[in-house]
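Peer 1: Handing you this structure, nothing more for now.
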Amino acid sequence: MSGQLIASIADGVVLAAILAVAAMGFTLQFSLTNVLNLSFGSVMTVGAFVAYLIAVVHLTPWLGIALGGVAGAVTTVVLGRGVLRLYARRRTQLFEMMMVTLGLSLIIDYTVQAISHNNIYGYSVLQGSALEMGPIRVTPVQVGIVILALVVLLATWGALKFTRMGKALRATAVEPGLARACGIPTGRVVLVTWVASGFLCGLAGVVFVISTQSVDYTTGEGFLPLVIAAAILGGVGNLWGAVGASLVMGIVTEVVAGLGQGGYSTVAGFAILVVVLLLRPGAVFGGSEDRQLVL
Amino acid sequence: MQPRKLTLGAALAALSGLLLAACGSTAATSKATLNVGGVIAITGSSSFEGGNLFEGVYPALYEINQAGGVLGHKLALKQVDTRGDPADALPAVQQMLATTSNLVMVAGVDTSSAPTIVPVLNSAHIPMTTVAGESVYDQSPYPYFWRLFPPDSANGTAMALWAKKKGYNRVAAVFGSDPGSQGDLPGNVQSLKALHIPLVANITLTPGQSSYQSQVNQLIAAHPDVIMTEADSGTAGTFFGELKSLGGLVPIIGTQAMDTPPEISAIQSALGPTDFQKYMSMVISAPSQVTPAVTAFNNAVKGDASQIGVSVSQAQQNPFAVVYYDGMIAMALAMVAAKSTDPKVFNSYMSKVCNPGPGKTVVYTFAQGVKALNQGKQIQYFGASGLIDFNKYHNSYGNQEAVSLTSSGAAVPLGTISVQAIEAVKVTGVA
């Protein structure tokens, strides 16, 4: 039993690593723009499909990982600057903007569905023989995913903490009006945020399908609730919190599945969110009702 | 001027008379087209079910219409998209019932929508030929429900029998948690019990998860010598991909529902072509021997190729398509036998034109059936899927067969599980 528990915790860490990459991207964008971006999962799908196409033409999967991230960044910038900003200028409210992102999500999903002929495509790259360490059995690519998540965490945290743009981003997230008055180019900050969160989104999509070994038009959509839950559970805008929440949700999900209750594993993960929202009401939108769109 | 007015009036009257006569003549010589509702998932993640239906119903309509139609009526398919979701299916079906004139029957009703839609169609007195496998229809209370496909429980029993025949003695069941995937599980588990084959792991997969790593490790720890499975294509692809990565592959036996292009494609992608052929097998309805009914089906597929969009071999390898074809032909023959297109009248003729019986003339095509009926004979339609013999619950199914698949998807027979053997396994607790 303890062996099974240890194995499930290890599996949970792998799931958490995938979740963390996405949750970091989501929380970064949400904390700055205040847009609860429901098209995030669809952009993950776009990134995943780009990586798949790279594999189809027999180029290195590493290029697929990079271009998947780039595709996520480009798509997100197009949506953020090309669509969402238009709505913001018309004084669209937070909830309405959320519905706009839902609409965009559907448009992307069904476009991908049409292009992909509604098929599920196998995506088996970078797989190797399993490594066994006592009760733990993982593949090299899963170890790689965990390392990648750590690298992304440290790089993003370092960029936010030590670079001028990072400081500007944090200042804009806290008080955009004051940041603008202090000469911070908030428009550029928002653009950089879209790029960074979009890149992480696309990257998460690729990492996700490397793990699931298949891609279809619903790939990101199904994962989005977990991403949002982790971002909210960790505290909006809190990178370390997002990673910690991902760990909790990943481990709980896999431990419940390991106990033979696979049907309830995701439910158990969300039960934590429900309890946290009960204890910390108003976690969504940072607990403040007067947050404004920053686009 | 007066005579000219009279002449013009007379000409108009004559023209009107001619037009009326022409209209009357048309009404006298052609009858209204009868509509068949194709109630199935056409879009969405279950859209392959729509493909299965069209590959069977369109050839049947082609054959029927080529033979002059039913009692002088041509038949046409009206597509109704359920999207595989009861919430979408119900309003779509209600709209079909409210707006479709001359609706004589329905083909389809996908598995997910069946619990909602079957009672609605039954109340509306619309006969339906379906492939929904839920065991709840094994003793169907719906007189307008007709199933020419093995119930899930029978498929589960056939899988257990095949495992016994192959000498497996440590079985793991891996099934999706969605209703469509759960259908075979109770029959499978109870049959394993009845056959004294240990079930060492019973794993449920919630569809759409990012990973099934814990379930894979749980499976490997149980050391099964065979896996029995059904899950949607995405879930199956992820699970078996991870199972292969973690070095846990053992022979896999899939249900009939796994024998569809999306499932095959997903598992083949996950395992790779070599391991797919080495480990994967399925238990499906035994294909019929080549009879004139099979030839008629093939000819109809060829004849209506532009509408169907798949090759003869593709349609032939699709057990769902063949069954839909048979259901449509049988229903059309029931109308002819009843000399009525009123569903309340011809519905009860389904068994009469299909089930074997003394003195009946065996027919293999719609045209043969019409000819025999017109000669006053009783008929038995022997379908492209084989013998059709409805029980009192309007269920008909035959032998099952274990098959492996080549890389191109062609079935390679491994062995037959007879319907007698399936019925001899006494399972309890399966609804």
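FYI, nothing fancy with the structure tokens labels: chains A, B, ... in order, residues from 1 per chain, ligands from 1 as they appear.
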Neighbouring residues of range 396-407 of chain B were defined as those with any atom within 9 Å, considering only C-alpha atoms; residues of the same chain fewer than 3 positions away were excluded. Please report them as a count of residues only.
Peer 2: 48
Peer 1: When DSSP is applied to the backbone of this structure, which of range 114-188 of chain B are assigned strand (DSSP E)? Write them out as a VMD selection string.
Peer 2: chain B and resid 128 to 130 145 to 147 171 to 176
Peer 1: Would you save the residues from that selection as a CSV table (one decimal), in the first residue's frame, using N, CA and C atoms?
Peer 2:
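The file below, again.csv, is the result:
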```csv
chain,number,residue,atom,x,y,z
B,128,MET,N,-37.7,2.2,-34.8
B,128,MET,CA,-36.3,2.6,-34.9
B,128,MET,C,-35.4,1.3,-34.9
B,129,THR,N,-34.4,1.4,-35.8
B,129,THR,CA,-33.4,0.3,-35.8
B,129,THR,C,-32.1,0.9,-35.3
B,130,THR,N,-31.6,0.3,-34.2
B,130,THR,CA,-30.5,1.0,-33.5
B,130,THR,C,-29.4,0.0,-33.2
B,145,PHE,N,-38.9,-0.4,-30.8
B,145,PHE,CA,-37.4,-0.5,-30.7
B,145,PHE,C,-37.0,-1.9,-31.3
B,146,TRP,N,-36.0,-1.8,-32.2
B,146,TRP,CA,-35.5,-3.0,-32.9
B,146,TRP,C,-34.0,-2.9,-32.9
B,147,ARG,N,-33.3,-4.0,-32.4
B,147,ARG,CA,-31.9,-3.9,-32.3
B,147,ARG,C,-31.3,-5.2,-33.0
B,171,VAL,N,-7.0,-11.6,-15.5
B,171,VAL,CA,-7.6,-10.6,-16.4
B,171,VAL,C,-7.6,-9.2,-15.7
B,172,ALA,N,-7.3,-8.2,-16.5
B,172,ALA,CA,-7.5,-6.8,-16.0
B,172,ALA,C,-8.6,-6.2,-16.9
B,173,ALA,N,-9.5,-5.5,-16.2
B,173,ALA,CA,-10.6,-4.8,-17.0
B,173,ALA,C,-10.2,-3.3,-16.9
B,174,VAL,N,-10.1,-2.7,-18.1
B,174,VAL,CA,-9.8,-1.2,-18.2
B,174,VAL,C,-10.9,-0.6,-19.0
B,175,PHE,N,-11.8,0.1,-18.3
B,175,PHE,CA,-13.0,0.7,-19.1
B,175,PHE,C,-13.1,2.1,-18.7
B,176,GLY,N,-13.6,2.9,-19.7
B,176,GLY,CA,-13.9,4.3,-19.5
B,176,GLY,C,-15.1,4.5,-18.6
```
Peer 1: Would you mind listing what lies within 8 Å of range 127-134 of chain A as a ChimeraX atom specification, with only C-alpha atoms counted and same-chain residues fewer than 2 positions away left out?
Peer 2: /A:3,124-125,136-141 /B:245-247
Peer 1: Could you list the residues in chain A lying within 9 Å of chain B, using only C-alpha atoms, and format the result as a PyMOL selection string?
Peer 2: chain A and resi 4+7-9+11-12+15+18+113+118-124+127-131+136-139+208-209+211-216+218-219+222-223+254-266
Peer 1: Select, from A:Ile6, A:Thr101, A:Met44, A:Thr33, the residue with the minimum atom-to-atom distance to Leu224 in chain A, counting only C-alpha atoms.
Peer 2: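 Closest to Leu224 in chain A of all the choices is A:Met44.
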Peer 1: Using only C-alpha atoms, can you tell me which of A:Ala23, A:Ala230, A:Val276, A:Leu28 comes closest to Arg170 in chain A?
Peer 2: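 Closest candidate: A:Leu28.
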Peer 1: When DSSP works through the backbone of this structure, what residues of range 131-258 of chain A end up as alpha helix (DSSP H), shown as a VMD selection string?
Peer 2: chain A and resid 140 to 162 164 to 174 176 to 181 186 to 212 219 to 233 239 to 258
Peer 1: Find the spatial neighbours of Gly180 in chain B, counting only C-alpha atoms, within a cut-off of 10 Å - ignore same-chain residues fewer than 5 positions away - and output them as a list in words.
Peer 2: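 Non-adjacent residues within range: Asp110, Thr111, Ser112, Ala132, Gly133, Glu134, Asp152, Phe175, Glu230, Ala231, Asp232 and Ala257 of chain B.
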Peer 1: Provide the CA of Lys31 in chain B to CA of Met331 in chain B distance in Å, to one decimal place.
Peer 2: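 Distance between the two atoms: 18.6 Å.
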Peer 1: With only C-alpha atoms as the counted atoms, please give the residues lying no more than 10 Å from Leu233 in chain A, apart from itself and same-chain residues fewer than 4 positions off, as a PyMOL selection string.
Peer 2: chain A and resi 227-229+238+241-246+248-249+270+272-277+280+283-284
Peer 1: Please report the interatomic distance between CA of Leu86 in chain A and CA of Leu38 in chain A in Å with one decimal.
Peer 2: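 Distance reported for this atom pair: 17.3 Å.
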Peer 1: Which residue, A:Leu5, A:Val77, A:Leu84, A:Val21, has the smallest gap to Ile145 in chain A when you use only C-alpha atoms?
Peer 2: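 With only C-alpha atoms as the atom set, the closest residue is A:Val21.
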Peer 1: For Thr45 in chain A, please output as a compact mmCIF listing (two decimals) with C-alpha atoms, in the first residue's frame all residues within 9 Å (counting only C-alpha atoms; exclusion window: fewer than 4 positions along the same chain).
Peer 2:
```
# COMPACT_ATOMS: atom_id res chain seq x y z
CA PHE A 40 -6.28 29.64 -22.81
CA GLY A 41 -7.06 25.95 -23.33
CA PHE A 49 -0.95 20.88 -33.07
CA VAL A 50 2.05 22.93 -34.23
CA GLY A 72 0.94 30.03 -28.40
CA ILE A 108 -10.56 28.27 -32.23
CA ASP A 109 -11.72 24.81 -31.15
CA VAL A 112 -9.09 23.22 -35.35
CA GLY A 202 1.72 26.92 -26.08
CA GLY A 205 0.07 22.38 -24.72
CA VAL A 206 3.11 20.64 -26.17
CA VAL A 215 -3.65 15.40 -29.81
CA ASP A 216 -7.11 16.44 -30.94
CA TYR A 217 -9.16 19.59 -31.00
CA THR A 218 -10.32 19.20 -27.39
CA THR A 219 -6.83 18.70 -25.99
CA GLY A 220 -6.51 21.99 -24.13
CA GLU A 221 -10.18 22.52 -23.42
```
